[in-house]
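Q: Dropping in target-v9.tsv, which is TSV, C-alpha atoms and all ligand atoms:
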chain	number	residue	atom	x	y	z
A	151	MET	CA	15.24	-50.87	15.08
A	152	THR	CA	12.70	-52.76	12.99
A	153	ILE	CA	9.09	-51.72	13.02
A	154	GLU	CA	6.05	-52.97	11.13
A	155	TYR	CA	3.05	-50.69	10.74
A	156	ARG	CA	-0.03	-50.10	8.59
A	157	ALA	CA	0.21	-47.81	5.57
A	158	ALA	CA	-2.07	-46.93	2.65
A	159	VAL	CA	-0.09	-48.09	-0.39
A	160	LEU	CA	-0.79	-46.95	-3.96
A	161	HIS	CA	0.18	-49.80	-6.33
A	162	GLY	CA	-1.27	-48.44	-9.58
A	163	VAL	CA	-2.48	-45.15	-11.07
A	164	GLY	CA	-6.25	-44.91	-10.67
A	165	ALA	CA	-6.37	-47.98	-8.40
A	166	PRO	CA	-7.64	-47.77	-4.84
A	167	MET	CA	-4.93	-47.66	-2.18
A	168	THR	CA	-4.63	-50.78	-0.05
A	169	VAL	CA	-4.01	-50.52	3.68
A	170	GLU	CA	-1.34	-53.12	4.42
A	171	PRO	CA	1.69	-53.71	6.64
A	172	VAL	CA	5.02	-52.15	5.67
A	173	VAL	CA	8.38	-52.63	7.36
A	174	ALA	CA	11.03	-50.05	8.25
A	175	SER	CA	14.39	-51.01	9.66
A	176	GLY	CA	17.21	-48.85	10.90
A	177	LEU	CA	17.22	-45.11	11.41
A	178	GLY	CA	19.86	-43.29	9.35
A	179	GLY	CA	22.12	-40.82	11.15
A	180	SER	CA	19.75	-37.87	11.31
A	181	ASP	CA	16.49	-39.75	10.70
A	182	VAL	CA	13.53	-39.32	13.00
A	183	LEU	CA	10.76	-41.85	13.53
A	184	VAL	CA	7.43	-40.02	13.90
A	185	ARG	CA	4.18	-41.65	15.01
A	186	ILE	CA	1.60	-40.02	12.75
A	187	LYS	CA	-1.46	-38.69	14.59
A	188	ALA	CA	-3.21	-36.78	11.77
A	189	ALA	CA	-2.74	-36.38	8.01
A	190	GLY	CA	-4.71	-34.18	5.61
A	191	LEU	CA	-5.86	-35.21	2.12
A	192	CYS	CA	-4.37	-32.66	-0.32
A	193	HIS	CA	-4.95	-32.15	-4.04
A	194	THR	CA	-1.31	-33.03	-4.76
A	195	ASP	CA	-1.92	-36.57	-3.44
A	196	LEU	CA	-4.97	-36.76	-5.70
A	197	GLU	CA	-2.85	-35.73	-8.69
A	198	VAL	CA	-0.61	-38.76	-8.04
A	199	ILE	CA	-3.63	-41.08	-7.73
A	200	THR	CA	-5.10	-39.84	-11.02
A	201	GLY	CA	-1.73	-39.83	-12.79
A	202	SER	CA	-1.46	-36.13	-13.62
A	203	LEU	CA	1.63	-36.16	-11.40
A	204	ARG	CA	3.75	-39.21	-12.13
A	205	TYR	CA	5.75	-40.94	-9.38
A	206	PRO	CA	7.38	-44.38	-9.08
A	207	LEU	CA	5.17	-47.05	-7.48
A	208	PRO	CA	4.38	-48.57	-5.05
A	209	ILE	CA	4.24	-45.42	-2.97
A	210	VAL	CA	2.75	-44.15	0.29
A	211	LEU	CA	1.14	-40.74	-0.24
A	212	GLY	CA	0.39	-38.10	2.41
A	213	HIS	CA	2.50	-34.98	2.90
A	214	GLU	CA	0.47	-32.81	5.33
A	215	ALA	CA	0.91	-34.40	8.73
A	216	ALA	CA	1.53	-34.02	12.44
A	217	GLY	CA	2.62	-36.54	15.02
A	218	ILE	CA	4.84	-37.45	17.94
A	219	VAL	CA	8.60	-38.05	17.86
A	220	GLU	CA	9.06	-41.72	18.77
A	221	GLU	CA	12.76	-42.38	18.15
A	222	LEU	CA	15.82	-40.40	17.01
A	223	GLY	CA	18.76	-41.43	14.82
A	224	PRO	CA	22.21	-41.07	16.44
A	225	ALA	CA	22.91	-37.70	14.76
A	226	ALA	CA	19.43	-36.16	15.05
A	227	GLN	CA	19.50	-32.86	16.93
A	228	GLY	CA	17.08	-30.38	18.42
A	229	LEU	CA	14.30	-32.90	19.07
A	230	SER	CA	13.27	-35.06	21.99
A	231	VAL	CA	11.22	-38.24	22.13
A	232	GLY	CA	7.64	-37.18	22.86
A	233	ASP	CA	7.83	-33.83	21.03
A	234	HIS	CA	4.74	-32.91	19.03
A	235	VAL	CA	5.79	-32.04	15.48
A	236	VAL	CA	4.38	-30.75	12.21
A	237	LEU	CA	6.17	-32.22	9.19
A	238	SER	CA	7.63	-30.23	6.31
A	239	TRP	CA	7.89	-31.69	2.80
A	240	ASN	CA	10.82	-29.50	1.78
A	241	PRO	CA	14.07	-30.98	3.15
A	242	HIS	CA	17.03	-29.11	1.69
A	243	CYS	CA	20.80	-29.54	1.67
A	244	GLY	CA	21.67	-26.07	3.01
A	245	HIS	CA	24.69	-25.48	0.77
A	246	CYS	CA	23.77	-25.70	-2.94
A	247	PHE	CA	23.40	-22.77	-5.40
A	248	TYR	CA	19.77	-22.14	-4.34
A	249	CYS	CA	20.14	-22.88	-0.63
A	250	GLU	CA	22.96	-20.30	-0.56
A	251	ARG	CA	20.49	-17.84	-2.12
A	252	ASP	CA	17.90	-18.54	0.56
A	253	LEU	CA	15.59	-20.48	-1.79
A	254	PRO	CA	15.25	-23.94	-0.16
A	255	ILE	CA	12.21	-24.75	-2.33
A	256	LEU	CA	14.63	-24.83	-5.30
A	257	CYS	CA	17.36	-26.82	-3.48
A	258	GLU	CA	19.11	-28.91	-6.13
A	259	THR	CA	19.27	-32.03	-3.93
A	260	TYR	CA	15.58	-31.65	-3.05
A	261	LEU	CA	14.58	-31.25	-6.71
A	262	ALA	CA	16.77	-34.19	-7.79
A	263	HIS	CA	15.30	-36.61	-5.24
A	264	GLY	CA	11.67	-35.42	-5.03
A	265	PRO	CA	10.50	-37.00	-8.33
A	266	LYS	CA	12.16	-40.32	-7.36
A	267	ALA	CA	10.40	-40.26	-3.98
A	268	VAL	CA	13.53	-41.39	-2.16
A	269	ALA	CA	15.53	-39.80	0.66
A	270	PHE	CA	18.68	-37.76	-0.05
A	271	ASP	CA	20.78	-40.97	0.25
A	272	GLU	CA	18.83	-42.50	-2.71
A	273	THR	CA	17.01	-45.09	-0.59
A	274	SER	CA	13.50	-45.41	0.74
A	275	ARG	CA	13.11	-46.19	4.42
A	276	THR	CA	10.21	-48.63	4.01
A	277	ARG	CA	9.52	-51.98	2.34
A	278	LEU	CA	6.55	-54.18	1.66
A	279	ARG	CA	6.45	-57.50	3.50
A	280	ASP	CA	7.74	-59.20	0.31
A	281	GLY	CA	10.87	-57.02	0.47
A	282	ARG	CA	10.04	-54.59	-2.37
A	283	GLU	CA	10.88	-50.96	-1.67
A	284	VAL	CA	7.94	-48.60	-1.03
A	285	LYS	CA	8.45	-44.95	-1.97
A	286	GLN	CA	7.52	-42.04	0.31
A	287	LEU	CA	5.80	-39.12	-1.42
A	288	MET	CA	7.51	-35.76	-0.83
A	289	PHE	CA	9.95	-37.26	1.68
A	290	LEU	CA	7.02	-38.13	4.00
A	291	GLY	CA	4.50	-40.85	3.10
A	292	ALA	CA	2.22	-39.86	5.95
A	293	PHE	CA	-0.85	-41.99	5.21
A	294	ALA	CA	0.65	-44.49	7.61
A	295	GLU	CA	0.93	-45.08	11.33
A	296	TYR	CA	4.59	-44.00	11.21
A	297	ALA	CA	6.92	-42.05	8.94
A	298	ILE	CA	10.70	-41.80	8.93
A	299	VAL	CA	11.77	-38.28	8.03
A	300	ALA	CA	14.94	-36.17	8.00
A	301	ASN	CA	15.72	-34.30	11.21
A	302	HIS	CA	14.87	-30.83	9.96
A	303	GLN	CA	11.53	-31.91	8.45
A	304	ALA	CA	10.08	-32.30	11.96
A	305	ILE	CA	9.18	-28.95	13.54
A	306	VAL	CA	8.20	-28.81	17.20
A	307	VAL	CA	4.85	-27.15	17.97
A	308	PRO	CA	3.05	-26.56	21.30
A	309	LYS	CA	1.41	-29.64	22.80
A	310	GLU	CA	-1.92	-27.84	23.26
A	311	LEU	CA	-2.34	-27.62	19.47
A	312	PRO	CA	-4.68	-30.47	18.42
A	313	PHE	CA	-3.07	-32.81	15.86
A	314	ASP	CA	-5.92	-32.56	13.34
A	315	ARG	CA	-5.43	-28.76	13.18
A	316	ALA	CA	-1.65	-29.01	13.38
A	317	CYS	CA	-1.32	-31.19	10.29
A	318	LEU	CA	-2.94	-28.54	8.07
A	319	ILE	CA	-0.03	-26.19	8.78
A	320	GLY	CA	2.34	-28.59	6.99
A	321	CYS	CA	1.01	-27.96	3.46
A	322	GLY	CA	-2.22	-26.09	2.65
A	323	VAL	CA	-2.06	-23.45	5.38
A	324	MET	CA	1.66	-22.77	4.95
A	325	THR	CA	1.15	-22.45	1.19
A	326	GLY	CA	-1.75	-20.01	1.39
A	327	VAL	CA	-0.88	-17.92	4.44
A	328	GLY	CA	2.78	-17.90	3.43
A	329	ALA	CA	1.98	-16.65	-0.08
A	330	ALA	CA	0.24	-13.62	1.44
A	331	LEU	CA	2.76	-12.95	4.22
A	332	ASN	CA	6.11	-14.06	2.74
A	333	ILE	CA	5.69	-13.68	-1.04
A	334	ALA	CA	3.10	-11.01	-1.90
A	335	ARG	CA	3.73	-7.39	-1.03
A	336	ILE	CA	0.36	-6.62	0.55
A	337	GLY	CA	0.15	-3.11	1.97
A	338	PHE	CA	-2.08	-1.96	4.82
A	339	GLY	CA	-5.56	-1.30	3.44
A	340	ASP	CA	-4.89	-2.97	0.07
A	341	THR	CA	-7.61	-4.64	-1.96
A	342	VAL	CA	-6.78	-8.33	-2.39
A	343	MET	CA	-8.68	-10.81	-4.54
A	344	VAL	CA	-8.37	-14.54	-3.81
A	345	ILE	CA	-9.53	-16.80	-6.66
A	346	GLY	CA	-10.40	-20.34	-5.50
A	347	CYS	CA	-11.50	-21.10	-1.94
A	348	GLY	CA	-10.22	-24.59	-1.24
A	349	ALA	CA	-7.81	-25.11	1.65
A	350	VAL	CA	-5.02	-23.04	0.07
A	351	GLY	CA	-7.37	-20.21	-0.97
A	352	LEU	CA	-9.02	-20.07	2.47
A	353	ALA	CA	-5.54	-19.88	3.98
A	354	ALA	CA	-4.61	-17.12	1.51
A	355	VAL	CA	-7.69	-15.13	2.59
A	356	GLN	CA	-6.41	-15.37	6.16
A	357	GLY	CA	-2.89	-14.43	5.15
A	358	ALA	CA	-4.26	-11.32	3.44
A	359	ARG	CA	-6.19	-10.45	6.61
A	360	LEU	CA	-3.09	-10.95	8.77
A	361	ALA	CA	-1.09	-8.77	6.35
A	362	GLY	CA	-3.52	-5.89	6.88
A	363	ALA	CA	-5.51	-5.94	3.64
A	364	GLY	CA	-8.55	-3.65	3.63
A	365	GLU	CA	-10.88	-5.41	1.19
A	366	ILE	CA	-10.53	-9.16	0.63
A	367	ILE	CA	-12.68	-10.40	-2.26
A	368	ALA	CA	-13.11	-14.18	-2.40
A	369	VAL	CA	-13.99	-15.85	-5.71
A	370	ASP	CA	-15.27	-19.40	-6.22
A	371	LEU	CA	-17.96	-21.38	-8.04
A	372	ASP	CA	-19.30	-22.96	-4.84
A	373	PRO	CA	-21.50	-20.87	-2.50
A	374	ALA	CA	-20.56	-23.09	0.48
A	375	LYS	CA	-16.88	-22.34	-0.02
A	376	LEU	CA	-17.62	-18.61	-0.37
A	377	ALA	CA	-19.54	-18.69	2.92
A	378	LEU	CA	-16.49	-20.27	4.56
A	379	ALA	CA	-14.24	-17.60	3.03
A	380	GLU	CA	-16.38	-14.90	4.66
A	381	ARG	CA	-16.17	-16.73	8.00
A	382	VAL	CA	-12.37	-16.66	7.90
A	383	GLY	CA	-11.96	-13.05	6.81
A	384	ALA	CA	-13.16	-12.26	3.28
A	385	THR	CA	-15.01	-8.93	3.26
A	386	SER	CA	-17.03	-9.86	0.16
A	387	SER	CA	-17.42	-12.79	-2.19
A	388	VAL	CA	-18.12	-13.39	-5.87
A	389	ASP	CA	-19.86	-16.48	-7.22
A	390	ALA	CA	-18.12	-16.60	-10.59
A	391	ARG	CA	-21.12	-18.37	-12.16
A	392	ARG	CA	-23.29	-15.32	-11.42
A	393	ALA	CA	-20.93	-12.32	-11.62
A	394	ASP	CA	-17.69	-11.43	-13.37
A	395	PRO	CA	-14.83	-11.26	-10.84
A	396	ILE	CA	-12.85	-8.89	-13.09
A	397	ALA	CA	-15.73	-6.40	-13.19
A	398	VAL	CA	-16.12	-6.68	-9.40
A	399	ALA	CA	-12.39	-6.05	-8.81
A	400	LYS	CA	-12.59	-2.91	-10.96
A	401	ALA	CA	-15.87	-1.69	-9.47
A	402	LYS	CA	-14.40	-1.80	-5.96
A	403	THR	CA	-11.22	0.09	-6.89
A	404	GLY	CA	-12.32	3.06	-8.99
A	405	GLY	CA	-11.79	1.04	-12.18
A	406	ARG	CA	-8.14	0.16	-11.50
A	407	GLY	CA	-8.30	-3.46	-10.34
A	408	ALA	CA	-7.10	-5.22	-7.20
A	409	ASP	CA	-3.70	-4.37	-5.71
A	410	VAL	CA	-2.87	-8.07	-5.31
A	411	VAL	CA	-4.53	-11.19	-6.77
A	412	LEU	CA	-3.79	-14.56	-5.20
A	413	GLU	CA	-4.82	-17.36	-7.58
A	414	ALA	CA	-5.53	-20.70	-5.88
A	415	ALA	CA	-7.95	-22.40	-8.27
A	416	GLY	CA	-5.52	-23.82	-10.80
A	417	SER	CA	-7.45	-23.53	-14.05
A	418	PRO	CA	-6.43	-21.74	-17.27
A	419	ALA	CA	-9.52	-19.51	-16.88
A	420	SER	CA	-8.50	-18.39	-13.40
A	421	PHE	CA	-4.86	-17.77	-14.37
A	422	ARG	CA	-6.17	-15.57	-17.17
A	423	ALA	CA	-8.68	-13.80	-14.90
A	424	SER	CA	-5.98	-13.08	-12.31
A	425	LEU	CA	-4.07	-10.95	-14.83
A	426	GLU	CA	-7.21	-9.09	-15.90
A	427	ALA	CA	-8.32	-8.37	-12.32
A	428	VAL	CA	-5.07	-6.86	-11.03
A	429	ARG	CA	-4.28	-3.16	-11.40
A	430	ALA	CA	-1.30	-1.69	-13.27
A	431	GLY	CA	1.70	-2.00	-11.01
A	432	GLY	CA	-0.10	-4.69	-9.01
A	433	GLU	CA	0.98	-8.20	-8.22
A	434	VAL	CA	-0.34	-11.63	-9.17
A	435	ILE	CA	0.69	-14.72	-7.22
A	436	TRP	CA	-0.13	-18.11	-8.75
A	437	LEU	CA	-0.61	-20.89	-6.21
A	438	GLY	CA	-2.90	-23.18	-8.22
A	439	LYS	CA	-1.66	-25.94	-10.49
A	440	THR	CA	-2.86	-27.32	-13.78
A	441	ASP	CA	-1.47	-30.26	-15.77
A	442	VAL	CA	2.20	-29.58	-16.58
A	443	ALA	CA	1.54	-30.18	-20.29
A	444	GLN	CA	-1.40	-27.73	-20.38
A	445	ASP	CA	-1.04	-24.47	-22.35
A	446	VAL	CA	-2.43	-21.35	-20.67
A	447	ALA	CA	-3.50	-18.39	-22.84
A	448	PHE	CA	-3.51	-14.70	-21.94
A	449	ARG	CA	-4.62	-11.51	-23.57
A	450	TRP	CA	-1.34	-9.72	-24.21
A	451	GLY	CA	-2.81	-6.39	-23.19
A	452	SER	CA	-3.59	-7.77	-19.72
A	453	LEU	CA	0.15	-8.02	-19.08
A	454	MET	CA	0.71	-4.31	-19.68
A	455	GLY	CA	1.20	-1.84	-16.86
A	456	GLU	CA	4.28	-3.16	-15.10
A	457	LYS	CA	2.41	-6.01	-13.42
A	458	ARG	CA	4.41	-8.44	-11.32
A	459	ILE	CA	3.68	-12.16	-11.71
A	460	ARG	CA	5.05	-14.74	-9.31
A	461	ARG	CA	4.54	-18.48	-8.95
A	462	SER	CA	4.79	-19.88	-5.41
A	463	SER	CA	4.51	-23.50	-4.33
A	464	TYR	CA	5.13	-23.52	-0.55
A	465	GLY	CA	4.46	-19.92	0.51
A	466	GLY	CA	8.12	-19.05	0.95
A	467	ALA	CA	8.16	-21.53	3.81
A	468	ARG	CA	10.88	-21.53	6.43
A	469	PRO	CA	9.23	-24.27	8.46
A	470	ALA	CA	11.36	-23.83	11.59
A	471	ARG	CA	10.35	-20.17	11.68
A	472	ASP	CA	6.83	-20.32	10.24
A	473	PHE	CA	5.21	-23.48	11.69
A	474	PRO	CA	5.51	-22.33	15.34
A	475	LEU	CA	4.20	-18.85	14.36
A	476	LEU	CA	1.19	-20.39	12.61
A	477	ALA	CA	0.58	-22.72	15.57
A	478	ARG	CA	0.66	-19.75	17.95
A	479	ALA	CA	-1.70	-17.77	15.67
A	480	TYR	CA	-4.23	-20.62	15.88
A	481	LEU	CA	-3.93	-20.85	19.66
A	482	ASP	CA	-4.36	-17.04	19.91
A	483	GLY	CA	-7.49	-17.19	17.73
A	484	THR	CA	-6.06	-15.11	14.86
A	485	LEU	CA	-5.70	-18.07	12.46
A	486	LYS	CA	-8.81	-20.18	11.81
A	487	LEU	CA	-8.16	-23.88	11.21
A	488	ASP	CA	-11.33	-25.58	12.52
A	489	GLU	CA	-13.25	-24.18	9.53
A	490	LEU	CA	-10.96	-25.98	7.05
A	491	ILE	CA	-11.73	-29.49	8.35
A	492	SER	CA	-14.68	-31.08	6.59
A	493	ARG	CA	-14.37	-34.66	7.86
A	494	HIS	CA	-12.33	-36.86	10.16
A	495	ILE	CA	-11.76	-40.30	8.68
A	496	ALA	CA	-9.94	-43.53	9.52
A	497	LEU	CA	-7.02	-44.75	7.40
A	498	ASP	CA	-9.29	-47.50	6.00
A	499	GLU	CA	-11.64	-44.81	4.62
A	500	ILE	CA	-8.94	-43.04	2.63
A	501	ASN	CA	-10.22	-43.97	-0.83
A	502	ASP	CA	-13.67	-42.59	-0.01
A	503	GLY	CA	-11.95	-39.46	1.31
A	504	PHE	CA	-10.20	-38.85	-2.01
A	505	ALA	CA	-13.39	-39.54	-3.97
A	506	ALA	CA	-15.10	-36.79	-1.93
A	507	LEU	CA	-12.18	-34.40	-2.56
A	508	GLN	CA	-12.36	-35.12	-6.29
A	509	ARG	CA	-16.10	-34.35	-6.27
A	510	GLY	CA	-15.37	-31.01	-4.59
A	511	GLU	CA	-17.36	-31.94	-1.47
A	512	THR	CA	-14.61	-31.35	1.07
A	513	ILE	CA	-12.05	-28.70	1.95
A	514	ARG	CA	-9.94	-31.09	4.02
A	515	SER	CA	-10.61	-34.61	5.16
A	516	VAL	CA	-8.14	-35.50	7.90
A	517	VAL	CA	-7.07	-39.06	8.65
A	518	VAL	CA	-6.80	-39.43	12.42
A	519	PHE	CA	-4.87	-42.25	14.08
A	601	ZN	ZN	-0.28	-30.47	-0.28
A	602	ZN	ZN	20.28	-27.17	-1.42
Go ahead and render the structure in this file as structure tokens.
A:
Amino acid sequence: MTIEYRAAVLHGVGAPMTVEPVVASGLGGSDVLVRIKAAGLCHTDLEVITGSLRYPLPIVLGHEAAGIVEELGPAAQGLSVGDHVVLSWNPHCGHCFYCERDLPILCETYLAHGPKAVAFDETSRTRLRDGREVKQLMFLGAFAEYAIVANHQAIVVPKELPFDRACLIGCGVMTGVGAALNIARIGFGDTVMVIGCGAVGLAAVQGARLAGAGEIIAVDLDPAKLALAERVGATSSVDARRADPIAVAKAKTGGRGADVVLEAAGSPASFRASLEAVRAGGEVIWLGKTDVAQDVAFRWGSLMGEKRIRRSSYGGARPARDFPLLARAYLDGTLKLDELISRHIALDEINDGFAALQRGETIRSVVVF
């Protein structure tokens, strides 16, 4: 098998991506060729473009995608040509120290190969026309008409799920909903605060609702994002430029603070606020990211009271279990995905799409093919 297709290639940090032909030849044993139908623009891609996350170049970004299975390697199992799939960015070996402890997000083979942006066999599946290897971000590289992925990265979802909604499940929705359902210990009737209402935060609001939270307080600096949060399940919202979220959390809980705080803004100020806003014995989950070299300061006293702090990067994802559940929740009307899509764009408009994300104008732009 040799196939040539269009991909958005990043050749230099800060440079615009160029849409150009790339070539893939040969499917490895358990590889799957997926025709990409929709791919969301996520902040992690933007961090690679701006250089705050450093990856080898040239590279094809895009790690939140859905498509159709086009061809299977000889050892690929559990899939059929024509299946509709949502792609996971967390392939794992299944037998290392962490996989044995049911922590695929820490899989040693995954962590060793992720920063090199190559598959587990140390190669990339795609090349430029001049023969140079092109890397695939997070084992995907989905800003392209096709992607070659490992068998278990492709999760079958119902065909009635539209691709532009489906793709969101692969990163932002899994991360936010999963943090609330799989990681946090949210009790029925609990007061949950969600700081930051981008795609992950809006998904976390919904996860809190699905987990049975009583009060869900959304916090952001953008009134439009707060309005969206209320549409998807927040019971109240705080514009942090006008009111102090910590004071609000305490006022709504008899002075104690929220039972659970889900932080999805990724700034030192919001990490600090999350610890101040949670009650003694409560739980803080950090989903947001700041530069890896950035120091984050806390008031020591805010750590008192047996508080639990947990960092989560993919919502405790078990894609084979969780993606079909999330797909079904959308089709049943209990999970809102339409509200997260700000724009549909063509692959050729991808640089404009990232500029809009950087300006904070969009929740999700989705490239449709
Ligand atoms: Zn992402
Ligand atoms: Zn492993």
Q: I'd like to know which of A:Gly451, A:Pro265, A:Gly223, A:Gly244 is closest to Lys285 in chain A, using all atoms listed in the file.
A: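 The shortest atom-to-atom distance to Lys285 in chain A comes from A:Pro265.
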Q: Closest to Ile500 in chain A among A:Val516, A:Ile255, A:Ile218, A:Ala419, using all atoms listed in the file?
A: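 Looking at the shortest contact to Ile500 in chain A, the residue is A:Val516.
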Q: Rank nothing, just name the residue among A:Thr259, A:Asp445, A:Lys187, A:Leu207 nearest to Ala496 in chain A, using only C-alpha atoms.
A: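 Ranking A:Thr259, A:Asp445, A:Lys187, A:Leu207 by distance to Ala496 in chain A, first place goes to A:Lys187.
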Q: Would you pick out the contacts of Ser463 in chain A at 9 Å or less, using all atoms listed in the file, so that residues sharing its chain but fewer than 4 positions from it are not included, and give the list as JSON, numbers by chain?
A: {"A": [255, 325, 329, 436, 437, 438]}
Q: Considering only C-alpha atoms, state which residue in the set A:Leu191, A:Val442, A:Ala384, A:Val307 is at the smallest distance from Phe293 in chain A.
A: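 Ranked by minimum distance to Phe293 in chain A, first place goes to A:Leu191.
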Q: For Ala189 in chain A, which residue among A:Ala316, A:Lys375, A:Gly405, A:Val173 is the nearest when counting all atoms listed in the file?
A: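 Result for the nearest residue to Ala189 in chain A: A:Ala316.
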Q: Tell me which protein, DNA and RNA residues are within 10 Å of Phe473 in chain A, counting all atoms listed in the file, leaving out same-chain ones fewer than 4 positions away, and put them as an mmCIF file with C-alpha atoms, in the coordinates of the input.
A:
data_model
loop_
_atom_site.group_PDB
_atom_site.id
_atom_site.type_symbol
_atom_site.label_atom_id
_atom_site.label_comp_id
_atom_site.auth_asym_id
_atom_site.auth_seq_id
_atom_site.Cartn_x
_atom_site.Cartn_y
_atom_site.Cartn_z
ATOM 1 C CA VAL A 235 5.790 -32.040 15.480
ATOM 2 C CA VAL A 236 4.380 -30.750 12.210
ATOM 3 C CA LEU A 237 6.170 -32.220 9.190
ATOM 4 C CA SER A 238 7.630 -30.230 6.310
ATOM 5 C CA ILE A 305 9.180 -28.950 13.540
ATOM 6 C CA VAL A 306 8.200 -28.810 17.200
ATOM 7 C CA VAL A 307 4.850 -27.150 17.970
ATOM 8 C CA ALA A 316 -1.650 -29.010 13.380
ATOM 9 C CA ILE A 319 -0.030 -26.190 8.780
ATOM 10 C CA GLY A 320 2.340 -28.590 6.990
ATOM 11 C CA VAL A 323 -2.060 -23.450 5.380
ATOM 12 C CA MET A 324 1.660 -22.770 4.950
ATOM 13 C CA ALA A 467 8.160 -21.530 3.810
ATOM 14 C CA ARG A 468 10.880 -21.530 6.430
ATOM 15 C CA PRO A 469 9.230 -24.270 8.460
ATOM 16 C CA ALA A 477 0.580 -22.720 15.570
ATOM 17 C CA ARG A 478 0.660 -19.750 17.950
ATOM 18 C CA ALA A 479 -1.700 -17.770 15.670
#
Q: Identify which of the residues A:Gly264, A:Gly328, A:Gly228, A:Gly383 lies closest to His242 in chain A, counting all atoms listed in the file when measuring atom-to-atom distances.
A: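 Selected residue with least distance to His242 in chain A: A:Gly264.
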Q: Would you mind listing what lies within 9 Å of His245 in chain A as a PyMOL selection string, with all atoms listed in the file counted and same-chain residues fewer than 4 positions away left out?
A: chain A and resi 249-250+257
Q: Could you pull range 310-315 of chain A out of the block above and give me all heavy atoms, as a PDB file, in the first residue's frame?
A:
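For reference, part-v2.pdb as written:
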ATOM      1  N   GLU A 310     -24.453   6.853  13.611  1.00  0.00           N
ATOM      2  CA  GLU A 310     -25.323   8.046  13.628  1.00  0.00           C
ATOM      3  C   GLU A 310     -24.678   9.242  14.338  1.00  0.00           C
ATOM      4  O   GLU A 310     -25.212  10.351  14.319  1.00  0.00           O
ATOM      5  CB  GLU A 310     -26.701   7.730  14.240  1.00  0.00           C
ATOM      6  CG  GLU A 310     -26.689   7.199  15.649  1.00  0.00           C
ATOM      7  CD  GLU A 310     -26.728   5.671  15.725  1.00  0.00           C
ATOM      8  OE1 GLU A 310     -26.045   5.001  14.904  1.00  0.00           O
ATOM      9  OE2 GLU A 310     -27.428   5.151  16.624  1.00  0.00           O
ATOM     10  N   LEU A 311     -23.541   9.034  14.970  1.00  0.00           N
ATOM     11  CA  LEU A 311     -22.839  10.143  15.630  1.00  0.00           C
ATOM     12  C   LEU A 311     -22.114  10.964  14.561  1.00  0.00           C
ATOM     13  O   LEU A 311     -21.245  10.440  13.870  1.00  0.00           O
ATOM     14  CB  LEU A 311     -21.831   9.574  16.635  1.00  0.00           C
ATOM     15  CG  LEU A 311     -20.985  10.562  17.428  1.00  0.00           C
ATOM     16  CD1 LEU A 311     -21.859  11.368  18.385  1.00  0.00           C
ATOM     17  CD2 LEU A 311     -19.887   9.827  18.203  1.00  0.00           C
ATOM     18  N   PRO A 312     -22.437  12.268  14.426  1.00  0.00           N
ATOM     19  CA  PRO A 312     -21.760  13.069  13.395  1.00  0.00           C
ATOM     20  C   PRO A 312     -20.259  13.196  13.701  1.00  0.00           C
ATOM     21  O   PRO A 312     -19.868  13.320  14.859  1.00  0.00           O
ATOM     22  CB  PRO A 312     -22.450  14.440  13.492  1.00  0.00           C
ATOM     23  CG  PRO A 312     -23.711  14.216  14.265  1.00  0.00           C
ATOM     24  CD  PRO A 312     -23.454  13.044  15.160  1.00  0.00           C
ATOM     25  N   PHE A 313     -19.434  13.175  12.643  1.00  0.00           N
ATOM     26  CA  PHE A 313     -17.980  13.174  12.846  1.00  0.00           C
ATOM     27  C   PHE A 313     -17.484  14.418  13.584  1.00  0.00           C
ATOM     28  O   PHE A 313     -16.550  14.341  14.380  1.00  0.00           O
ATOM     29  CB  PHE A 313     -17.260  13.058  11.500  1.00  0.00           C
ATOM     30  CG  PHE A 313     -17.385  11.699  10.869  1.00  0.00           C
ATOM     31  CD1 PHE A 313     -18.142  11.518   9.722  1.00  0.00           C
ATOM     32  CD2 PHE A 313     -16.739  10.602  11.417  1.00  0.00           C
ATOM     33  CE1 PHE A 313     -18.256  10.263   9.135  1.00  0.00           C
ATOM     34  CE2 PHE A 313     -16.838   9.343  10.833  1.00  0.00           C
ATOM     35  CZ  PHE A 313     -17.606   9.169   9.694  1.00  0.00           C
ATOM     36  N   ASP A 314     -18.090  15.582  13.303  1.00  0.00           N
ATOM     37  CA  ASP A 314     -17.581  16.801  13.944  1.00  0.00           C
ATOM     38  C   ASP A 314     -17.806  16.774  15.451  1.00  0.00           C
ATOM     39  O   ASP A 314     -17.015  17.328  16.211  1.00  0.00           O
ATOM     40  CB  ASP A 314     -18.185  18.067  13.309  1.00  0.00           C
ATOM     41  CG  ASP A 314     -19.696  18.123  13.425  1.00  0.00           C
ATOM     42  OD1 ASP A 314     -20.330  17.071  13.668  1.00  0.00           O
ATOM     43  OD2 ASP A 314     -20.258  19.229  13.272  1.00  0.00           O
ATOM     44  N   ARG A 315     -18.879  16.104  15.909  1.00  0.00           N
ATOM     45  CA  ARG A 315     -19.095  15.931  17.353  1.00  0.00           C
ATOM     46  C   ARG A 315     -18.194  14.813  17.873  1.00  0.00           C
ATOM     47  O   ARG A 315     -17.606  14.907  18.942  1.00  0.00           O
ATOM     48  CB  ARG A 315     -20.554  15.552  17.645  1.00  0.00           C
ATOM     49  CG  ARG A 315     -21.506  16.711  17.758  1.00  0.00           C
ATOM     50  CD  ARG A 315     -21.737  17.373  16.434  1.00  0.00           C
ATOM     51  NE  ARG A 315     -22.904  18.264  16.450  1.00  0.00           N
ATOM     52  CZ  ARG A 315     -23.234  19.041  15.448  1.00  0.00           C
ATOM     53  NH1 ARG A 315     -22.485  19.094  14.354  1.00  0.00           N
ATOM     54  NH2 ARG A 315     -24.305  19.824  15.526  1.00  0.00           N
TER      55      ARG A 315
END
